[in-house]
$ cat target_21.cif   # mmCIF, C-alpha atoms and all ligand atoms; chains and numbers go by the auth columns
data_structure
#
loop_
_atom_site.group_PDB
_atom_site.id
_atom_site.type_symbol
_atom_site.label_atom_id
_atom_site.label_comp_id
_atom_site.label_asym_id
_atom_site.label_seq_id
_atom_site.Cartn_x
_atom_site.Cartn_y
_atom_site.Cartn_z
_atom_site.B_iso_or_equiv
_atom_site.auth_seq_id
_atom_site.auth_asym_id
ATOM 1 C CA MET A 1 -31.913 -6.803 -8.362 0.00 14 A
ATOM 2 C CA VAL A 2 -28.921 -7.416 -10.583 0.00 15 A
ATOM 3 C CA SER A 3 -30.361 -4.998 -13.164 0.00 16 A
ATOM 4 C CA GLU A 4 -30.838 -2.303 -10.512 0.00 17 A
ATOM 5 C CA ARG A 5 -27.118 -2.304 -9.772 0.00 18 A
ATOM 6 C CA VAL A 6 -25.148 -1.589 -12.880 0.00 19 A
ATOM 7 C CA VAL A 7 -21.501 -1.319 -11.898 0.00 20 A
ATOM 8 C CA SER A 8 -19.532 0.609 -14.498 0.00 21 A
ATOM 9 C CA GLU A 9 -16.669 -1.182 -16.200 0.00 22 A
ATOM 10 C CA GLY A 10 -13.324 -0.441 -14.582 0.00 23 A
ATOM 11 C CA TYR A 11 -14.721 0.804 -11.277 0.00 24 A
ATOM 12 C CA VAL A 12 -13.427 -0.870 -8.122 0.00 25 A
ATOM 13 C CA GLN A 13 -15.977 -1.347 -5.369 0.00 26 A
ATOM 14 C CA ILE A 14 -14.797 -1.038 -1.774 0.00 27 A
ATOM 15 C CA ALA A 15 -16.551 -3.035 0.915 0.00 28 A
ATOM 16 C CA PRO A 16 -15.506 -2.140 4.485 0.00 29 A
ATOM 17 C CA SER A 17 -15.755 -5.161 6.769 0.00 30 A
ATOM 18 C CA VAL A 18 -17.539 -4.338 10.023 0.00 31 A
ATOM 19 C CA LEU A 19 -15.713 -7.160 11.781 0.00 32 A
ATOM 20 C CA SER A 20 -13.026 -4.552 12.536 0.00 33 A
ATOM 21 C CA ALA A 21 -15.500 -1.874 13.607 0.00 34 A
ATOM 22 C CA ASP A 22 -16.055 -0.752 17.191 0.00 35 A
ATOM 23 C CA PHE A 23 -19.114 -2.821 18.107 0.00 36 A
ATOM 24 C CA ALA A 24 -19.962 -0.447 20.943 0.00 37 A
ATOM 25 C CA LYS A 25 -20.920 2.061 18.243 0.00 38 A
ATOM 26 C CA LEU A 26 -21.649 -0.186 15.306 0.00 39 A
ATOM 27 C CA GLY A 27 -24.480 1.833 13.764 0.00 40 A
ATOM 28 C CA GLU A 28 -22.340 4.959 13.812 0.00 41 A
ATOM 29 C CA GLN A 29 -19.398 3.154 12.209 0.00 42 A
ATOM 30 C CA VAL A 30 -21.604 1.749 9.446 0.00 43 A
ATOM 31 C CA ARG A 31 -22.978 5.256 8.787 0.00 44 A
ATOM 32 C CA GLU A 32 -19.436 6.664 8.683 0.00 45 A
ATOM 33 C CA ALA A 33 -18.410 4.076 6.100 0.00 46 A
ATOM 34 C CA THR A 34 -21.562 4.777 4.076 0.00 47 A
ATOM 35 C CA GLU A 35 -20.940 8.532 4.093 0.00 48 A
ATOM 36 C CA ALA A 36 -17.262 8.004 3.249 0.00 49 A
ATOM 37 C CA GLY A 37 -18.272 6.425 -0.070 0.00 50 A
ATOM 38 C CA ALA A 38 -18.294 2.697 0.622 0.00 51 A
ATOM 39 C CA ASP A 39 -20.043 0.749 -2.123 0.00 52 A
ATOM 40 C CA LEU A 40 -21.097 -2.198 0.026 0.00 53 A
ATOM 41 C CA ILE A 41 -20.929 -3.161 3.678 0.00 54 A
ATOM 42 C CA HIS A 42 -19.149 -6.478 4.164 0.00 55 A
ATOM 43 C CA VAL A 43 -20.648 -8.571 6.945 0.00 56 A
ATOM 44 C CA ASP A 44 -18.703 -11.575 8.270 0.00 57 A
ATOM 45 C CA VAL A 45 -20.921 -14.242 9.807 0.00 58 A
ATOM 46 C CA MET A 46 -18.830 -16.920 11.589 0.00 59 A
ATOM 47 C CA ASP A 47 -20.135 -20.064 13.212 0.00 60 A
ATOM 48 C CA GLY A 48 -17.205 -21.294 15.320 0.00 61 A
ATOM 49 C CA GLN A 49 -17.155 -24.533 13.307 0.00 62 A
ATOM 50 C CA PHE A 50 -16.203 -23.727 9.761 0.00 63 A
ATOM 51 C CA VAL A 51 -13.877 -21.074 11.184 0.00 64 A
ATOM 52 C CA PRO A 52 -12.347 -20.999 14.661 0.00 65 A
ATOM 53 C CA ASN A 53 -14.314 -17.952 15.750 0.00 66 A
ATOM 54 C CA ILE A 54 -17.886 -16.791 16.356 0.00 67 A
ATOM 55 C CA SER A 55 -18.779 -13.293 15.192 0.00 68 A
ATOM 56 C CA PHE A 56 -22.498 -12.534 15.073 0.00 69 A
ATOM 57 C CA GLY A 57 -25.745 -13.701 13.518 0.00 70 A
ATOM 58 C CA GLU A 58 -29.148 -12.606 12.299 0.00 71 A
ATOM 59 C CA VAL A 59 -29.933 -9.954 14.922 0.00 72 A
ATOM 60 C CA LEU A 60 -26.793 -7.962 14.313 0.00 73 A
ATOM 61 C CA VAL A 61 -27.024 -8.319 10.543 0.00 74 A
ATOM 62 C CA ASP A 62 -30.548 -6.867 10.776 0.00 75 A
ATOM 63 C CA ALA A 63 -29.213 -3.955 12.834 0.00 76 A
ATOM 64 C CA ILE A 64 -26.452 -3.285 10.295 0.00 77 A
ATOM 65 C CA ARG A 65 -29.027 -3.324 7.486 0.00 78 A
ATOM 66 C CA ARG A 66 -31.040 -0.676 9.324 0.00 79 A
ATOM 67 C CA SER A 67 -27.949 1.557 9.569 0.00 80 A
ATOM 68 C CA THR A 68 -27.252 1.951 5.848 0.00 81 A
ATOM 69 C CA HIS A 69 -28.929 2.202 2.458 0.00 82 A
ATOM 70 C CA LEU A 70 -26.039 0.236 0.922 0.00 83 A
ATOM 71 C CA PRO A 71 -26.361 -3.417 -0.072 0.00 84 A
ATOM 72 C CA LEU A 72 -24.838 -5.802 2.452 0.00 85 A
ATOM 73 C CA ASN A 73 -22.212 -8.192 1.154 0.00 86 A
ATOM 74 C CA ILE A 74 -22.903 -11.079 3.529 0.00 87 A
ATOM 75 C CA HIS A 75 -19.959 -13.468 3.869 0.00 88 A
ATOM 76 C CA LEU A 76 -21.257 -16.668 5.436 0.00 89 A
ATOM 77 C CA MET A 77 -18.458 -18.616 7.092 0.00 90 A
ATOM 78 C CA ILE A 78 -20.927 -21.291 8.144 0.00 91 A
ATOM 79 C CA LYS A 79 -20.777 -25.051 7.712 0.00 92 A
ATOM 80 C CA GLU A 80 -23.712 -26.257 5.571 0.00 93 A
ATOM 81 C CA PRO A 81 -25.485 -22.865 5.488 0.00 94 A
ATOM 82 C CA ASP A 82 -28.674 -24.062 3.732 0.00 95 A
ATOM 83 C CA ASN A 83 -30.876 -24.221 6.818 0.00 96 A
ATOM 84 C CA LEU A 84 -29.848 -20.728 7.905 0.00 97 A
ATOM 85 C CA LEU A 85 -30.062 -18.967 4.558 0.00 98 A
ATOM 86 C CA HIS A 86 -33.561 -17.627 5.252 0.00 99 A
ATOM 87 C CA THR A 87 -32.284 -15.774 8.312 0.00 100 A
ATOM 88 C CA PHE A 88 -29.872 -13.733 6.192 0.00 101 A
ATOM 89 C CA ILE A 89 -31.722 -13.395 2.893 0.00 102 A
ATOM 90 C CA LYS A 90 -34.077 -10.558 3.742 0.00 103 A
ATOM 91 C CA ALA A 91 -33.246 -7.726 1.360 0.00 104 A
ATOM 92 C CA PRO A 92 -33.236 -8.418 -2.381 0.00 105 A
ATOM 93 C CA THR A 93 -30.256 -6.124 -2.925 0.00 106 A
ATOM 94 C CA ASP A 94 -27.984 -7.951 -0.473 0.00 107 A
ATOM 95 C CA GLN A 95 -25.310 -10.248 -1.853 0.00 108 A
ATOM 96 C CA ILE A 96 -24.910 -13.676 -0.278 0.00 109 A
ATOM 97 C CA ILE A 97 -21.538 -15.410 -0.287 0.00 110 A
ATOM 98 C CA VAL A 98 -21.011 -19.003 0.801 0.00 111 A
ATOM 99 C CA HIS A 99 -17.795 -21.016 1.025 0.00 112 A
ATOM 100 C CA ALA A 100 -16.995 -23.766 -1.466 0.00 113 A
ATOM 101 C CA GLU A 101 -15.415 -25.763 1.387 0.00 114 A
ATOM 102 C CA ALA A 102 -18.481 -25.462 3.622 0.00 115 A
ATOM 103 C CA CYS A 103 -21.196 -26.736 1.270 0.00 116 A
ATOM 104 C CA THR A 104 -21.544 -30.426 0.406 0.00 117 A
ATOM 105 C CA HIS A 105 -23.947 -29.617 -2.432 0.00 118 A
ATOM 106 C CA LEU A 106 -22.632 -26.249 -3.496 0.00 119 A
ATOM 107 C CA HIS A 107 -24.628 -26.131 -6.723 0.00 120 A
ATOM 108 C CA ARG A 108 -27.864 -26.642 -4.818 0.00 121 A
ATOM 109 C CA THR A 109 -26.983 -23.947 -2.275 0.00 122 A
ATOM 110 C CA ILE A 110 -26.176 -21.458 -5.038 0.00 123 A
ATOM 111 C CA THR A 111 -29.391 -22.295 -6.862 0.00 124 A
ATOM 112 C CA ARG A 112 -31.448 -21.673 -3.720 0.00 125 A
ATOM 113 C CA ILE A 113 -29.886 -18.257 -3.223 0.00 126 A
ATOM 114 C CA LYS A 114 -30.418 -17.334 -6.867 0.00 127 A
ATOM 115 C CA GLU A 115 -34.053 -18.425 -6.718 0.00 128 A
ATOM 116 C CA GLY A 116 -34.628 -15.723 -4.110 0.00 129 A
ATOM 117 C CA GLY A 117 -33.264 -13.155 -6.582 0.00 130 A
ATOM 118 C CA ASN A 118 -30.158 -12.208 -4.619 0.00 131 A
ATOM 119 C CA GLU A 119 -26.722 -11.937 -6.130 0.00 132 A
ATOM 120 C CA VAL A 120 -24.640 -14.940 -5.153 0.00 133 A
ATOM 121 C CA GLY A 121 -20.956 -15.458 -4.566 0.00 134 A
ATOM 122 C CA VAL A 122 -18.691 -18.338 -3.653 0.00 135 A
ATOM 123 C CA ALA A 123 -15.542 -17.885 -1.586 0.00 136 A
ATOM 124 C CA ILE A 124 -12.440 -20.072 -1.764 0.00 137 A
ATOM 125 C CA ASN A 125 -9.859 -20.343 1.004 0.00 138 A
ATOM 126 C CA PRO A 126 -6.144 -19.872 0.296 0.00 139 A
ATOM 127 C CA ALA A 127 -5.615 -23.654 0.030 0.00 140 A
ATOM 128 C CA THR A 128 -8.588 -24.223 -2.292 0.00 141 A
ATOM 129 C CA PRO A 129 -7.732 -24.241 -6.007 0.00 142 A
ATOM 130 C CA VAL A 130 -9.544 -22.059 -8.511 0.00 143 A
ATOM 131 C CA SER A 131 -10.679 -25.263 -10.222 0.00 144 A
ATOM 132 C CA ALA A 132 -13.071 -25.860 -7.290 0.00 145 A
ATOM 133 C CA ILE A 133 -15.412 -23.190 -8.678 0.00 146 A
ATOM 134 C CA GLU A 134 -14.507 -23.049 -12.387 0.00 147 A
ATOM 135 C CA ASP A 135 -17.505 -25.042 -13.545 0.00 148 A
ATOM 136 C CA LEU A 136 -19.846 -22.845 -11.519 0.00 149 A
ATOM 137 C CA LEU A 137 -18.621 -19.502 -12.895 0.00 150 A
ATOM 138 C CA PRO A 138 -21.562 -19.116 -15.313 0.00 151 A
ATOM 139 C CA LEU A 139 -23.858 -19.116 -12.247 0.00 152 A
ATOM 140 C CA LEU A 140 -21.845 -16.764 -10.056 0.00 153 A
ATOM 141 C CA ASP A 141 -22.135 -13.004 -9.662 0.00 154 A
ATOM 142 C CA ILE A 142 -19.075 -12.928 -7.411 0.00 155 A
ATOM 143 C CA ALA A 143 -16.026 -15.169 -6.983 0.00 156 A
ATOM 144 C CA LEU A 144 -14.388 -14.340 -3.654 0.00 157 A
ATOM 145 C CA VAL A 145 -10.689 -15.137 -3.324 0.00 158 A
ATOM 146 C CA MET A 146 -9.684 -15.281 0.332 0.00 159 A
ATOM 147 C CA SER A 147 -6.275 -13.726 0.878 0.00 160 A
ATOM 148 C CA VAL A 148 -6.177 -14.865 4.526 0.00 161 A
ATOM 149 C CA ASN A 149 -7.438 -18.004 6.212 0.00 162 A
ATOM 150 C CA PRO A 150 -10.906 -16.900 7.322 0.00 163 A
ATOM 151 C CA GLY A 151 -11.775 -16.329 10.956 0.00 164 A
ATOM 152 C CA PHE A 152 -10.156 -13.076 12.021 0.00 165 A
ATOM 153 C CA SER A 153 -9.519 -9.560 10.851 0.00 166 A
ATOM 154 C CA GLY A 154 -6.066 -7.998 11.005 0.00 167 A
ATOM 155 C CA GLN A 155 -4.141 -10.883 9.393 0.00 168 A
ATOM 156 C CA SER A 156 -1.484 -10.460 6.717 0.00 169 A
ATOM 157 C CA PHE A 157 -2.301 -10.744 3.025 0.00 170 A
ATOM 158 C CA ILE A 158 -1.220 -14.088 1.506 0.00 171 A
ATOM 159 C CA PRO A 159 0.391 -13.195 -1.853 0.00 172 A
ATOM 160 C CA LEU A 160 -0.610 -16.422 -3.650 0.00 173 A
ATOM 161 C CA ALA A 161 -4.109 -14.934 -3.833 0.00 174 A
ATOM 162 C CA VAL A 162 -2.935 -12.612 -6.604 0.00 175 A
ATOM 163 C CA GLU A 163 -2.090 -15.530 -8.909 0.00 176 A
ATOM 164 C CA LYS A 164 -5.481 -17.077 -8.194 0.00 177 A
ATOM 165 C CA VAL A 165 -7.215 -13.835 -9.120 0.00 178 A
ATOM 166 C CA LYS A 166 -5.296 -13.793 -12.425 0.00 179 A
ATOM 167 C CA ARG A 167 -6.286 -17.368 -13.214 0.00 180 A
ATOM 168 C CA LEU A 168 -9.917 -16.722 -12.369 0.00 181 A
ATOM 169 C CA ARG A 169 -9.959 -13.583 -14.474 0.00 182 A
ATOM 170 C CA GLN A 170 -8.590 -15.499 -17.473 0.00 183 A
ATOM 171 C CA GLU A 171 -11.243 -18.173 -17.047 0.00 184 A
ATOM 172 C CA ILE A 172 -14.035 -15.585 -16.720 0.00 185 A
ATOM 173 C CA LYS A 173 -12.840 -13.743 -19.845 0.00 186 A
ATOM 174 C CA ARG A 174 -12.475 -16.982 -21.797 0.00 187 A
ATOM 175 C CA GLY A 175 -16.045 -17.990 -20.971 0.00 188 A
ATOM 176 C CA GLY A 176 -17.466 -14.479 -21.377 0.00 189 A
ATOM 177 C CA TYR A 177 -19.082 -14.643 -17.927 0.00 190 A
ATOM 178 C CA GLY A 178 -20.238 -11.642 -15.903 0.00 191 A
ATOM 179 C CA THR A 179 -18.650 -12.840 -12.653 0.00 192 A
ATOM 180 C CA ARG A 180 -16.821 -10.138 -10.665 0.00 193 A
ATOM 181 C CA ILE A 181 -13.797 -11.046 -8.543 0.00 194 A
ATOM 182 C CA MET A 182 -13.613 -9.964 -4.922 0.00 195 A
ATOM 183 C CA VAL A 183 -10.585 -10.246 -2.623 0.00 196 A
ATOM 184 C CA ASP A 184 -10.918 -10.445 1.162 0.00 197 A
ATOM 185 C CA GLY A 185 -8.236 -10.406 3.857 0.00 198 A
ATOM 186 C CA GLY A 186 -5.273 -8.185 4.649 0.00 199 A
ATOM 187 C CA ILE A 187 -6.188 -5.554 2.037 0.00 200 A
ATOM 188 C CA LYS A 188 -4.699 -2.163 2.859 0.00 201 A
ATOM 189 C CA ALA A 189 -4.176 1.067 0.897 0.00 202 A
ATOM 190 C CA ASP A 190 -0.953 -0.304 -0.622 0.00 203 A
ATOM 191 C CA TRP A 191 0.325 -3.000 -2.997 0.00 204 A
ATOM 192 C CA THR A 192 -2.173 -5.538 -1.621 0.00 205 A
ATOM 193 C CA ALA A 193 -5.095 -3.546 -3.049 0.00 206 A
ATOM 194 C CA GLN A 194 -3.187 -2.490 -6.170 0.00 207 A
ATOM 195 C CA ASP A 195 -1.929 -5.961 -7.120 0.00 208 A
ATOM 196 C CA SER A 196 -5.368 -7.476 -6.522 0.00 209 A
ATOM 197 C CA VAL A 197 -6.955 -4.968 -8.885 0.00 210 A
ATOM 198 C CA LYS A 198 -4.215 -5.296 -11.514 0.00 211 A
ATOM 199 C CA ALA A 199 -4.777 -9.068 -11.427 0.00 212 A
ATOM 200 C CA GLY A 200 -8.491 -8.615 -12.119 0.00 213 A
ATOM 201 C CA ALA A 201 -10.377 -7.920 -8.888 0.00 214 A
ATOM 202 C CA SER A 202 -13.103 -5.267 -9.060 0.00 215 A
ATOM 203 C CA MET A 203 -14.320 -5.666 -5.482 0.00 216 A
ATOM 204 C CA LEU A 204 -12.111 -5.274 -2.403 0.00 217 A
ATOM 205 C CA VAL A 205 -12.964 -6.028 1.212 0.00 218 A
ATOM 206 C CA SER A 206 -11.035 -4.176 3.893 0.00 219 A
ATOM 207 C CA GLY A 207 -11.577 -4.471 7.626 0.00 220 A
ATOM 208 C CA SER A 208 -8.666 -3.162 9.674 0.00 221 A
ATOM 209 C CA GLY A 209 -7.618 -1.045 6.684 0.00 222 A
ATOM 210 C CA ILE A 210 -10.798 1.027 7.096 0.00 223 A
ATOM 211 C CA PHE A 211 -11.764 0.645 10.762 0.00 224 A
ATOM 212 C CA ASN A 212 -8.715 1.272 12.918 0.00 225 A
ATOM 213 C CA GLU A 213 -7.524 3.421 15.767 0.00 226 A
ATOM 214 C CA THR A 214 -5.040 5.504 13.847 0.00 227 A
ATOM 215 C CA GLU A 215 -7.346 7.301 11.423 0.00 228 A
ATOM 216 C CA ALA A 216 -10.967 8.210 10.824 0.00 229 A
ATOM 217 C CA VAL A 217 -13.065 6.040 8.528 0.00 230 A
ATOM 218 C CA ASP A 218 -13.331 8.751 5.840 0.00 231 A
ATOM 219 C CA GLN A 219 -9.546 9.273 5.872 0.00 232 A
ATOM 220 C CA ALA A 220 -8.955 5.544 5.498 0.00 233 A
ATOM 221 C CA MET A 221 -11.477 5.336 2.657 0.00 234 A
ATOM 222 C CA GLY A 222 -9.800 8.327 1.006 0.00 235 A
ATOM 223 C CA ARG A 223 -6.386 6.671 1.170 0.00 236 A
ATOM 224 C CA MET A 224 -7.817 3.465 -0.287 0.00 237 A
ATOM 225 C CA ARG A 225 -9.383 5.354 -3.219 0.00 238 A
ATOM 226 C CA SER A 226 -6.168 7.332 -3.829 0.00 239 A
ATOM 227 C CA CYS A 227 -4.030 4.237 -3.938 0.00 240 A
ATOM 228 C CA LEU A 228 -6.360 2.790 -6.581 0.00 241 A
ATOM 229 C CA ALA A 229 -6.522 5.971 -8.679 0.00 242 A
ATOM 230 C CA GLY A 230 -6.006 5.231 -12.355 0.00 243 A
ATOM 231 C CA LEU A 231 -6.022 1.456 -11.887 0.00 244 A
ATOM 232 C CA VAL A 232 -8.435 -0.581 -13.944 0.00 245 A
ATOM 233 C CA PRO A 233 -9.137 -4.240 -13.061 0.00 246 A
ATOM 234 C CA GLY A 234 -6.905 -6.385 -15.313 0.00 247 A
HETATM 235 C C1 LIG B . -11.789 -12.816 7.622 0.00 1 B
HETATM 236 C C2 LIG B . -12.951 -11.999 7.136 0.00 1 B
HETATM 237 C C3 LIG B . -12.561 -10.697 6.555 0.00 1 B
HETATM 238 C C4 LIG B . -11.939 -9.748 7.560 0.00 1 B
HETATM 239 C C5 LIG B . -11.087 -8.772 6.823 0.00 1 B
HETATM 240 O O1 LIG B . -12.235 -14.058 7.930 0.00 1 B
HETATM 241 O O2 LIG B . -13.656 -12.693 6.132 0.00 1 B
HETATM 242 O O3 LIG B . -13.645 -10.062 5.907 0.00 1 B
HETATM 243 O O4 LIG B . -12.905 -9.047 8.306 0.00 1 B
HETATM 244 O O5 LIG B . -10.358 -8.026 7.723 0.00 1 B
HETATM 245 P P1 LIG B . -8.925 -7.468 7.368 0.00 1 B
HETATM 246 O O6 LIG B . -9.118 -6.543 6.173 0.00 1 B
HETATM 247 O O7 LIG B . -8.494 -6.737 8.596 0.00 1 B
HETATM 248 O O8 LIG B . -8.056 -8.622 7.025 0.00 1 B
HETATM 249 ZN ZN ZN B . -15.097 -11.553 4.966 0.00 2 B
#
$ encode --input "target_21.cif" --output "structure tokens"
Amino acid sequence: MVSERVVSEGYVQIAPSVLSADFAKLGEQVREATEAGADLIHVDVMDGQFVPNISFGEVLVDAIRRSTHLPLNIHLMIKEPDNLLHTFIKAPTDQIIVHAEACTHLHRTITRIKEGGNEVGVAINPATPVSAIEDLLPLLDIALVMSVNPGFSGQSFIPLAVEKVKRLRQEIKRGGYGTRIMVDGGIKADWTAQDSVKAGASMLVSGSGIFNETEAVDQAMGRMRSCLAGLVPG
């Protein structure tokens, strides 16, 4: 699992978020993103409790998985996700991300996910300090810094996320951990992507930046790659 996916140093992974896709042709949109060079497909599962919105659940995640060979980056915005984990952990290459704010026993939740062999990540909301996950960094494959308050696509990037990425990166370097930093929310092919990478992020989620009405998915992916050209995660 982890060993099957060696990500080269300095490369920035792009994970289109299907929350912004046209659900009437979801399979097609996922295939377009795959063919356009996406590294992961970001899947936002929302429960209407932890976040003020309901997106989709197991059935749709299964359908997305059937539409791509890429690993799914499953972002669980679910209160106390433990009892539902088995409905999303189905492919060993998928990455499972839970929220620090949504898990009473976060260490236990992480351990359960790791026991299944999947890569695990923890997300922190804009108001949650980096210190909330510092002690867990040795266990984490991914630290996800939310750059919007979760619940919706199409919101504006909250700049304080960049400072949090920097602080996390310092902590990861200091400890010599293998944790990668991901940023999610309001990322477009502009300074939001560039500053996140310069601060230390090597994984970027983009929803409305990739799936929108003004350009095709491959054009949007192309613009995102071009804006990152020559940048190496700080
Ligand atoms: C927000 C979700 C994000 C969202 C990103 O709660 O976690 O993944 O889909 O969409 P954009 O890039 O449009 O902010
Ligand atoms: Zn997300």
$ residues_around --input "target_21.cif" --residues "Met90 (chain A)" --least-positions-apart "2" --cutoff "12 Å" --atoms "only C-alpha atoms" --output "VMD selection string"
chain A and resid 56 to 70 87 to 88 92 to 94 97 to 98 109 to 116 135 to 138 159 162 to 165
$ resolve_selection --input "target_21.cif" --expression "the PyMOL selection byres (((chain A and resi 220) around 9) and not hetatm)" --output "PyMOL selection string"
chain A and resi 28-34+55+166-167+197-201+218-219+221-225
$ closest_residue --input "target_21.cif" --among "A:Val133, A:Val161, A:Val210, A:Val143" --to "ligand LIG 1 (chain B)" --atoms "all atoms listed in the file"
A:Val161
$ closest_residue --input "target_21.cif" --among "A:Leu244, A:Ile194, A:Val158, A:Val175" --to "ligand ZN 2 (chain B)" --atoms "all atoms listed in the file"
A:Val158
$ atom_distance --input "target_21.cif" --atom1 "CA of Leu152 (chain A)" --atom2 "CA of Thr192 (chain A)"
8.2 Å
$ resolve_selection --input "target_21.cif" --expression "the PyMOL selection byres (((chain A and resi 238) around 10) and not hetatm)" --output "PyMOL selection string"
chain A and resi 25-27+50+202+206+232-237+239-243
$ resolve_selection --input "target_21.cif" --expression "the PyMOL selection byres (((chain A and resi 108) around 12) and not hetatm)" --output "PyMOL selection string"
chain A and resi 14-15+18+28+53-56+83-89+98+101-107+109-111+123+126-127+129-135+153-157
$ write_last_selection --input "target_21.cif" --atoms "C-alpha atoms" --output "PDB file, in the coordinates of the input"
ATOM      1  CA  MET A  14     -31.913  -6.803  -8.362  1.00  0.00           C
ATOM      2  CA  VAL A  15     -28.921  -7.416 -10.583  1.00  0.00           C
ATOM      3  CA  ARG A  18     -27.118  -2.304  -9.772  1.00  0.00           C
ATOM      4  CA  ALA A  28     -16.551  -3.035   0.915  1.00  0.00           C
ATOM      5  CA  LEU A  53     -21.097  -2.198   0.026  1.00  0.00           C
ATOM      6  CA  ILE A  54     -20.929  -3.161   3.678  1.00  0.00           C
ATOM      7  CA  HIS A  55     -19.149  -6.478   4.164  1.00  0.00           C
ATOM      8  CA  VAL A  56     -20.648  -8.571   6.945  1.00  0.00           C
ATOM      9  CA  LEU A  83     -26.039   0.236   0.922  1.00  0.00           C
ATOM     10  CA  PRO A  84     -26.361  -3.417  -0.072  1.00  0.00           C
ATOM     11  CA  LEU A  85     -24.838  -5.802   2.452  1.00  0.00           C
ATOM     12  CA  ASN A  86     -22.212  -8.192   1.154  1.00  0.00           C
ATOM     13  CA  ILE A  87     -22.903 -11.079   3.529  1.00  0.00           C
ATOM     14  CA  HIS A  88     -19.959 -13.468   3.869  1.00  0.00           C
ATOM     15  CA  LEU A  89     -21.257 -16.668   5.436  1.00  0.00           C
ATOM     16  CA  LEU A  98     -30.062 -18.967   4.558  1.00  0.00           C
ATOM     17  CA  PHE A 101     -29.872 -13.733   6.192  1.00  0.00           C
ATOM     18  CA  ILE A 102     -31.722 -13.395   2.893  1.00  0.00           C
ATOM     19  CA  LYS A 103     -34.077 -10.558   3.742  1.00  0.00           C
ATOM     20  CA  ALA A 104     -33.246  -7.726   1.360  1.00  0.00           C
ATOM     21  CA  PRO A 105     -33.236  -8.418  -2.381  1.00  0.00           C
ATOM     22  CA  THR A 106     -30.256  -6.124  -2.925  1.00  0.00           C
ATOM     23  CA  ASP A 107     -27.984  -7.951  -0.473  1.00  0.00           C
ATOM     24  CA  ILE A 109     -24.910 -13.676  -0.278  1.00  0.00           C
ATOM     25  CA  ILE A 110     -21.538 -15.410  -0.287  1.00  0.00           C
ATOM     26  CA  VAL A 111     -21.011 -19.003   0.801  1.00  0.00           C
ATOM     27  CA  ILE A 123     -26.176 -21.458  -5.038  1.00  0.00           C
ATOM     28  CA  ILE A 126     -29.886 -18.257  -3.223  1.00  0.00           C
ATOM     29  CA  LYS A 127     -30.418 -17.334  -6.867  1.00  0.00           C
ATOM     30  CA  GLY A 129     -34.628 -15.723  -4.110  1.00  0.00           C
ATOM     31  CA  GLY A 130     -33.264 -13.155  -6.582  1.00  0.00           C
ATOM     32  CA  ASN A 131     -30.158 -12.208  -4.619  1.00  0.00           C
ATOM     33  CA  GLU A 132     -26.722 -11.937  -6.130  1.00  0.00           C
ATOM     34  CA  VAL A 133     -24.640 -14.940  -5.153  1.00  0.00           C
ATOM     35  CA  GLY A 134     -20.956 -15.458  -4.566  1.00  0.00           C
ATOM     36  CA  VAL A 135     -18.691 -18.338  -3.653  1.00  0.00           C
ATOM     37  CA  LEU A 153     -21.845 -16.764 -10.056  1.00  0.00           C
ATOM     38  CA  ASP A 154     -22.135 -13.004  -9.662  1.00  0.00           C
ATOM     39  CA  ILE A 155     -19.075 -12.928  -7.411  1.00  0.00           C
ATOM     40  CA  ALA A 156     -16.026 -15.169  -6.983  1.00  0.00           C
ATOM     41  CA  LEU A 157     -14.388 -14.340  -3.654  1.00  0.00           C
TER      42      LEU A 157
END
$ atom_distance --input "target_21.cif" --atom1 "CA of Leu150 (chain A)" --atom2 "CA of Asp75 (chain A)"
29.4 Å
$ build_atoms --input "target_21.cif" --residues "region 66-75 of chain A" --atoms "N, CA and C atoms" --output "PDB file, keeping the file's coordinate frame"
ATOM      1  N   ASN A  66     -13.899 -19.191  15.104  1.00  0.00           N
ATOM      2  CA  ASN A  66     -14.314 -17.952  15.750  1.00  0.00           C
ATOM      3  C   ASN A  66     -15.820 -17.793  15.554  1.00  0.00           C
ATOM      4  N   ILE A  67     -16.465 -17.121  16.494  1.00  0.00           N
ATOM      5  CA  ILE A  67     -17.886 -16.791  16.356  1.00  0.00           C
ATOM      6  C   ILE A  67     -17.968 -15.277  16.271  1.00  0.00           C
ATOM      7  N   SER A  68     -18.672 -14.756  15.284  1.00  0.00           N
ATOM      8  CA  SER A  68     -18.779 -13.293  15.192  1.00  0.00           C
ATOM      9  C   SER A  68     -20.160 -12.850  15.633  1.00  0.00           C
ATOM     10  N   PHE A  69     -21.135 -12.952  14.750  1.00  0.00           N
ATOM     11  CA  PHE A  69     -22.498 -12.534  15.073  1.00  0.00           C
ATOM     12  C   PHE A  69     -23.453 -13.202  14.095  1.00  0.00           C
ATOM     13  N   GLY A  70     -24.739 -13.053  14.367  1.00  0.00           N
ATOM     14  CA  GLY A  70     -25.745 -13.701  13.518  1.00  0.00           C
ATOM     15  C   GLY A  70     -26.836 -12.740  13.082  1.00  0.00           C
ATOM     16  N   GLU A  71     -28.014 -13.304  12.909  1.00  0.00           N
ATOM     17  CA  GLU A  71     -29.148 -12.606  12.299  1.00  0.00           C
ATOM     18  C   GLU A  71     -29.464 -11.239  12.913  1.00  0.00           C
ATOM     19  N   VAL A  72     -29.487 -11.184  14.257  1.00  0.00           N
ATOM     20  CA  VAL A  72     -29.933  -9.954  14.922  1.00  0.00           C
ATOM     21  C   VAL A  72     -29.018  -8.776  14.580  1.00  0.00           C
ATOM     22  N   LEU A  73     -27.735  -9.044  14.609  1.00  0.00           N
ATOM     23  CA  LEU A  73     -26.793  -7.962  14.313  1.00  0.00           C
ATOM     24  C   LEU A  73     -26.800  -7.607  12.823  1.00  0.00           C
ATOM     25  N   VAL A  74     -26.953  -8.606  11.985  1.00  0.00           N
ATOM     26  CA  VAL A  74     -27.024  -8.319  10.543  1.00  0.00           C
ATOM     27  C   VAL A  74     -28.239  -7.425  10.262  1.00  0.00           C
ATOM     28  N   ASP A  75     -29.349  -7.714  10.930  1.00  0.00           N
ATOM     29  CA  ASP A  75     -30.548  -6.867  10.776  1.00  0.00           C
ATOM     30  C   ASP A  75     -30.253  -5.435  11.218  1.00  0.00           C
TER      31      ASP A  75
END
